[in-house]
>>> print(open('protein-v1.cif').read())   # mmCIF, C-alpha atoms
data_query
#
loop_
_atom_site.group_PDB
_atom_site.id
_atom_site.type_symbol
_atom_site.label_atom_id
_atom_site.label_comp_id
_atom_site.auth_asym_id
_atom_site.auth_seq_id
_atom_site.Cartn_x
_atom_site.Cartn_y
_atom_site.Cartn_z
ATOM 1 C CA MET A 1 54.287 -2.872 108.585
ATOM 2 C CA THR A 2 57.196 -0.506 108.981
ATOM 3 C CA GLN A 3 56.799 3.111 107.940
ATOM 4 C CA TYR A 4 60.228 3.200 106.300
ATOM 5 C CA THR A 5 61.476 1.312 103.265
ATOM 6 C CA PRO A 6 65.208 0.717 102.829
ATOM 7 C CA THR A 7 67.123 0.519 99.606
ATOM 8 C CA THR A 8 70.837 -0.217 99.399
ATOM 9 C CA GLY A 9 73.059 0.641 96.491
ATOM 10 C CA ILE A 10 76.233 2.159 95.128
ATOM 11 C CA ILE A 11 76.329 5.912 94.445
ATOM 12 C CA LEU A 12 76.900 6.452 90.724
ATOM 13 C CA GLN A 13 76.450 10.234 90.568
ATOM 14 C CA ILE A 14 75.909 13.215 92.890
ATOM 15 C CA GLU A 15 74.242 16.432 91.707
ATOM 16 C CA TRP A 16 73.238 19.604 93.510
ATOM 17 C CA GLN A 17 69.490 20.161 93.521
ATOM 18 C CA SER A 18 68.231 23.342 91.960
ATOM 19 C CA THR A 19 64.740 24.584 92.684
ATOM 20 C CA GLY A 20 62.595 27.526 91.676
ATOM 21 C CA ASP A 21 63.473 29.162 95.004
ATOM 22 C CA PRO A 22 66.958 30.759 94.758
ATOM 23 C CA ALA A 23 67.273 30.638 98.569
ATOM 24 C CA GLN A 24 67.126 26.812 98.403
ATOM 25 C CA ASN A 25 69.579 26.300 95.519
ATOM 26 C CA GLY A 26 72.583 24.286 96.661
ATOM 27 C CA CYS A 27 70.807 23.090 99.829
ATOM 28 C CA GLY A 28 70.091 19.573 98.598
ATOM 29 C CA LEU A 29 71.633 16.725 96.672
ATOM 30 C CA THR A 30 70.340 14.106 94.294
ATOM 31 C CA LEU A 31 72.141 10.785 94.456
ATOM 32 C CA THR A 32 71.848 8.386 91.544
ATOM 33 C CA LEU A 33 72.132 4.850 92.933
ATOM 34 C CA ASN A 34 72.497 1.448 91.408
ATOM 35 C CA SER A 35 70.145 -0.116 93.934
ATOM 36 C CA MET A 36 70.394 -3.815 94.740
ATOM 37 C CA ASP A 37 66.611 -4.225 94.780
ATOM 38 C CA GLN A 38 65.310 -1.621 92.302
ATOM 39 C CA GLY A 39 68.097 -0.967 89.809
ATOM 40 C CA LEU A 40 68.690 2.674 88.901
ATOM 41 C CA ILE A 41 67.023 5.169 91.312
ATOM 42 C CA HIS A 42 67.349 8.790 92.452
ATOM 43 C CA ILE A 43 67.514 9.731 96.122
ATOM 44 C CA HIS A 44 66.982 13.350 97.201
ATOM 45 C CA LEU A 45 68.502 14.537 100.446
ATOM 46 C CA ASP A 46 68.378 17.933 102.062
ATOM 47 C CA GLY A 47 68.872 19.539 105.462
ATOM 48 C CA SER A 48 66.106 17.422 106.990
ATOM 49 C CA THR A 49 67.755 14.122 105.976
ATOM 50 C CA TYR A 50 69.607 12.420 108.821
ATOM 51 C CA VAL A 51 73.026 11.208 107.625
ATOM 52 C CA LEU A 52 74.623 8.729 110.027
ATOM 53 C CA ASN A 53 77.788 10.192 111.558
ATOM 54 C CA ASN A 54 77.488 13.226 109.204
ATOM 55 C CA ARG A 55 79.551 11.291 106.694
ATOM 56 C CA GLN A 56 80.167 12.882 103.299
ATOM 57 C CA MET A 57 78.632 11.127 100.276
ATOM 58 C CA ASN A 58 81.040 10.116 97.500
ATOM 59 C CA VAL A 59 80.665 8.356 94.164
ATOM 60 C CA GLY A 60 81.348 4.650 94.708
ATOM 61 C CA ASP A 61 80.087 4.581 98.314
ATOM 62 C CA GLN A 62 77.581 1.917 99.307
ATOM 63 C CA VAL A 63 74.699 3.448 101.250
ATOM 64 C CA THR A 64 71.379 2.340 102.679
ATOM 65 C CA CYS A 65 68.669 4.972 102.257
ATOM 66 C CA PHE A 66 65.341 4.954 104.061
ATOM 67 C CA TYR A 67 62.279 6.728 102.699
ATOM 68 C CA SER A 68 58.753 6.975 104.055
ATOM 69 C CA THR A 69 56.385 4.350 102.725
ATOM 70 C CA PHE A 70 53.602 6.947 103.027
ATOM 71 C CA ALA A 71 55.345 9.806 101.172
ATOM 72 C CA PRO A 72 54.155 10.661 97.661
ATOM 73 C CA VAL A 73 56.429 9.413 94.870
ATOM 74 C CA PRO A 74 56.242 10.750 91.301
ATOM 75 C CA LEU A 75 55.522 8.063 88.698
ATOM 76 C CA ILE A 76 58.702 8.563 86.672
ATOM 77 C CA TYR A 77 61.691 6.474 85.722
ATOM 78 C CA PRO A 78 64.028 6.156 87.384
ATOM 79 C CA PRO A 79 62.040 6.305 90.639
ATOM 80 C CA THR A 80 62.805 9.284 92.853
ATOM 81 C CA TYR A 81 62.556 9.138 96.651
ATOM 82 C CA HIS A 82 63.184 11.669 99.424
ATOM 83 C CA ALA A 83 65.563 10.105 101.960
ATOM 84 C CA VAL A 84 64.643 10.420 105.620
ATOM 85 C CA VAL A 85 67.807 8.631 106.796
ATOM 86 C CA ILE A 86 71.012 7.592 105.004
ATOM 87 C CA ALA A 87 73.733 5.323 106.390
ATOM 88 C CA HIS A 88 76.966 4.194 104.794
ATOM 89 C CA THR A 89 76.968 0.401 104.826
ATOM 90 C CA SER A 90 79.469 -2.146 103.617
ATOM 91 C CA ALA A 91 79.083 -5.684 102.362
ATOM 92 C CA ALA A 92 79.498 -6.793 105.990
ATOM 93 C CA SER A 93 77.117 -4.323 107.669
ATOM 94 C CA TYR A 94 73.399 -3.670 107.616
ATOM 95 C CA ALA A 95 71.068 -0.906 108.707
ATOM 96 C CA THR A 96 67.421 -0.961 109.707
ATOM 97 C CA LEU A 97 65.046 1.851 110.695
ATOM 98 C CA ASP A 98 62.004 0.745 112.656
ATOM 99 C CA VAL A 99 60.148 0.989 115.939
ATOM 100 C CA PHE A 100 61.322 -1.665 118.375
ATOM 101 C CA THR A 101 59.321 -2.764 121.428
ATOM 102 C CA ARG A 102 60.145 -4.946 124.404
ATOM 103 C CA GLN A 103 58.999 -8.528 124.040
ATOM 104 C CA ALA A 104 56.453 -9.936 126.481
ATOM 105 C CA ASN A 105 59.111 -12.258 127.924
ATOM 106 C CA GLY A 106 61.386 -9.238 128.516
ATOM 107 C CA CYS A 107 64.185 -10.635 126.327
ATOM 108 C CA GLY A 108 65.343 -8.089 123.787
ATOM 109 C CA LEU A 109 63.527 -5.621 121.578
ATOM 110 C CA ILE A 110 61.653 -6.685 118.436
ATOM 111 C CA ASN A 111 60.778 -4.717 115.287
ATOM 112 C CA THR A 112 57.255 -4.159 113.926
ATOM 113 C CA GLU A 113 57.471 -7.101 111.515
ATOM 114 C CA ASN A 114 58.725 -9.512 114.220
ATOM 115 C CA SER A 115 61.714 -10.300 112.007
ATOM 116 C CA LEU A 116 64.603 -8.793 114.006
ATOM 117 C CA GLN A 117 65.348 -8.945 117.717
ATOM 118 C CA LEU A 118 67.919 -6.634 119.280
ATOM 119 C CA ASN A 119 69.992 -7.943 122.162
ATOM 120 C CA ILE A 120 71.161 -4.706 123.758
ATOM 121 C CA SER A 121 73.969 -4.736 126.307
ATOM 122 C CA GLY A 122 75.334 -1.990 128.507
ATOM 123 C CA LEU A 123 78.168 -1.621 125.976
ATOM 124 C CA THR A 124 75.881 -0.942 122.984
ATOM 125 C CA PRO A 125 76.485 2.674 121.863
ATOM 126 C CA ARG A 126 73.170 4.588 121.958
ATOM 127 C CA PHE A 127 72.975 8.127 120.606
ATOM 128 C CA LEU A 128 70.463 10.803 119.743
ATOM 129 C CA PRO A 129 70.605 12.159 116.159
ATOM 130 C CA ASN A 130 72.597 15.163 117.400
ATOM 131 C CA GLY A 131 75.393 12.889 118.655
ATOM 132 C CA GLN A 132 74.545 13.097 122.352
ATOM 133 C CA LEU A 133 74.261 9.935 124.420
ATOM 134 C CA PHE A 134 70.781 8.484 124.926
ATOM 135 C CA GLY A 135 69.988 7.380 128.464
ATOM 136 C CA GLY A 136 66.351 6.310 128.358
ATOM 137 C CA ASP A 137 64.349 3.203 127.506
ATOM 138 C CA LEU A 138 64.621 2.134 123.848
ATOM 139 C CA SER A 139 61.248 0.356 123.770
ATOM 140 C CA GLY A 140 58.642 2.083 121.604
ATOM 141 C CA LYS A 141 61.175 4.390 119.951
ATOM 142 C CA LEU A 142 62.146 4.659 116.300
ATOM 143 C CA LEU A 143 65.674 3.268 116.071
ATOM 144 C CA LEU A 144 68.326 3.316 113.367
ATOM 145 C CA VAL A 145 70.245 0.122 114.062
ATOM 146 C CA ILE A 146 73.633 -0.711 112.550
ATOM 147 C CA TYR A 147 74.614 -4.373 112.847
ATOM 148 C CA SER A 148 76.778 -6.952 111.111
ATOM 149 C CA THR A 149 75.703 -10.463 112.034
ATOM 150 C CA THR A 150 72.432 -12.151 112.936
ATOM 151 C CA THR A 151 71.367 -15.585 114.021
ATOM 152 C CA ARG A 152 69.402 -17.764 111.627
ATOM 153 C CA SER A 153 66.534 -18.023 114.088
ATOM 154 C CA ILE A 154 63.062 -16.570 113.651
ATOM 155 C CA PRO A 155 63.177 -13.774 114.514
ATOM 156 C CA ALA A 156 66.811 -13.168 113.637
ATOM 157 C CA GLN A 157 68.772 -11.857 116.621
ATOM 158 C CA THR A 158 71.628 -9.381 116.626
ATOM 159 C CA ALA A 159 73.789 -7.412 119.015
ATOM 160 C CA PRO A 160 73.838 -3.934 117.399
ATOM 161 C CA GLU A 161 77.077 -2.083 116.795
ATOM 162 C CA GLN A 162 75.338 1.288 117.083
ATOM 163 C CA VAL A 163 71.820 2.564 117.786
ATOM 164 C CA ILE A 164 70.498 6.023 116.919
ATOM 165 C CA VAL A 165 67.317 6.903 118.812
ATOM 166 C CA PHE A 166 64.748 9.201 117.197
ATOM 167 C CA CYS A 167 62.502 10.653 119.878
ATOM 168 C CA SER A 168 60.345 12.184 117.129
ATOM 169 C CA ASN A 169 59.504 10.920 113.664
ATOM 170 C CA PRO A 170 62.148 12.134 111.144
ATOM 171 C CA ALA A 171 59.584 11.997 108.300
ATOM 172 C CA GLU A 172 57.686 14.844 109.975
ATOM 173 C CA ASN A 173 60.654 17.117 109.230
ATOM 174 C CA THR A 174 60.482 16.576 105.460
ATOM 175 C CA HIS A 175 58.688 18.679 102.910
#
>>> encode(input="protein-v1.cif", output="structure tokens")
Amino acid sequence: MTQYTPTTGIILQIEWQSTGDPAQNGCGLTLTLNSMDQGLIHIHLDGSTYVLNNRQMNVGDQVTCFYSTFAPVPLIYPPTYHAVVIAHTSAASYATLDVFTRQANGCGLINTENSLQLNISGLTPRFLPNGQLFGGDLSGKLLLVIYSTTTRSIPAQTAPEQVIVFCSNPAENTH
């Protein structure tokens, strides 16, 4: 089972977070999303949230947010999650955040649920979260993968458009 759960939706509202600590006021946002799988939800993001390509959030944007499956969630409505990673996605693009490992036959990398195989070429852009190029082995690393099409095979196969490589777990940077 993957450690991160995705939810995709349209941003309906953006509010600055205010906390009891004046030093933290204005350092975080709460997005209200109309999520495709959960309906109305709140997503908190702060300085520890990785935002793909540092893209600004705007009302009307479609985003995919990933939160830790193991993080505590208050039992309120609408549900409120702390985003670990956020990526702008369109109707024609998808994002996944998971650990991918090399298959025994050496063909491609496969996610923890054996549902998605990455066919990486030398032309696949691979970056660290800080925007620098990644030059190591992708196997065993947590990857944010942006892709548009997959095969209908099991597992589905895709040639990613972009891969972000997390050498450490981004959930460890959250509060």
>>> atom_distance(input="protein-v1.cif", atom1="CA of Pro6 (chain A)", atom2="CA of Thr96 (chain A)")
7.4 Å
>>> atom_distance(input="protein-v1.cif", atom1="CA of Leu12 (chain A)", atom2="CA of Gln38 (chain A)")
14.2 Å
>>> closest_residue(input="protein-v1.cif", among="A:Ala95, A:Gly106, A:Asn114, A:Ser139", to="Pro160 (chain A)", atoms="all atoms listed in the file")
A:Ala95
>>> atom_distance(input="protein-v1.cif", atom1="CA of Thr158 (chain A)", atom2="CA of Cys107 (chain A)")
12.3 Å
>>> closest_residue(input="protein-v1.cif", among="A:Ala87, A:Leu52, A:Cys65, A:Ile10", to="Leu40 (chain A)", atoms="only C-alpha atoms")
A:Ile10
>>> resolve_selection(input="protein-v1.cif", expression="the PyMOL selection byres ((chain A and resi 135) around 12)", output="list in words")
Gly122, Thr124, Pro125, Arg126, Phe127, Leu128, Gln132, Leu133, Phe134, Gly136, Asp137, Leu138, Val163, Ile164, Val165 and Cys167 of chain A
>>> closest_residue(input="protein-v1.cif", among="A:Pro129, A:Gly140, A:Pro155, A:Gly26", to="Leu116 (chain A)", atoms="only C-alpha atoms")
A:Pro155
>>> closest_residue(input="protein-v1.cif", among="A:Thr150, A:Pro74, A:Thr8, A:Ala83", to="Leu29 (chain A)", atoms="all atoms listed in the file")
A:Ala83
>>> residues_around(input="protein-v1.cif", residues="Ser148 (chain A)", least_positions_apart="5", cutoff="6 Å", atoms="only C-alpha atoms", output="NGL selection string")
:A and (92-94)
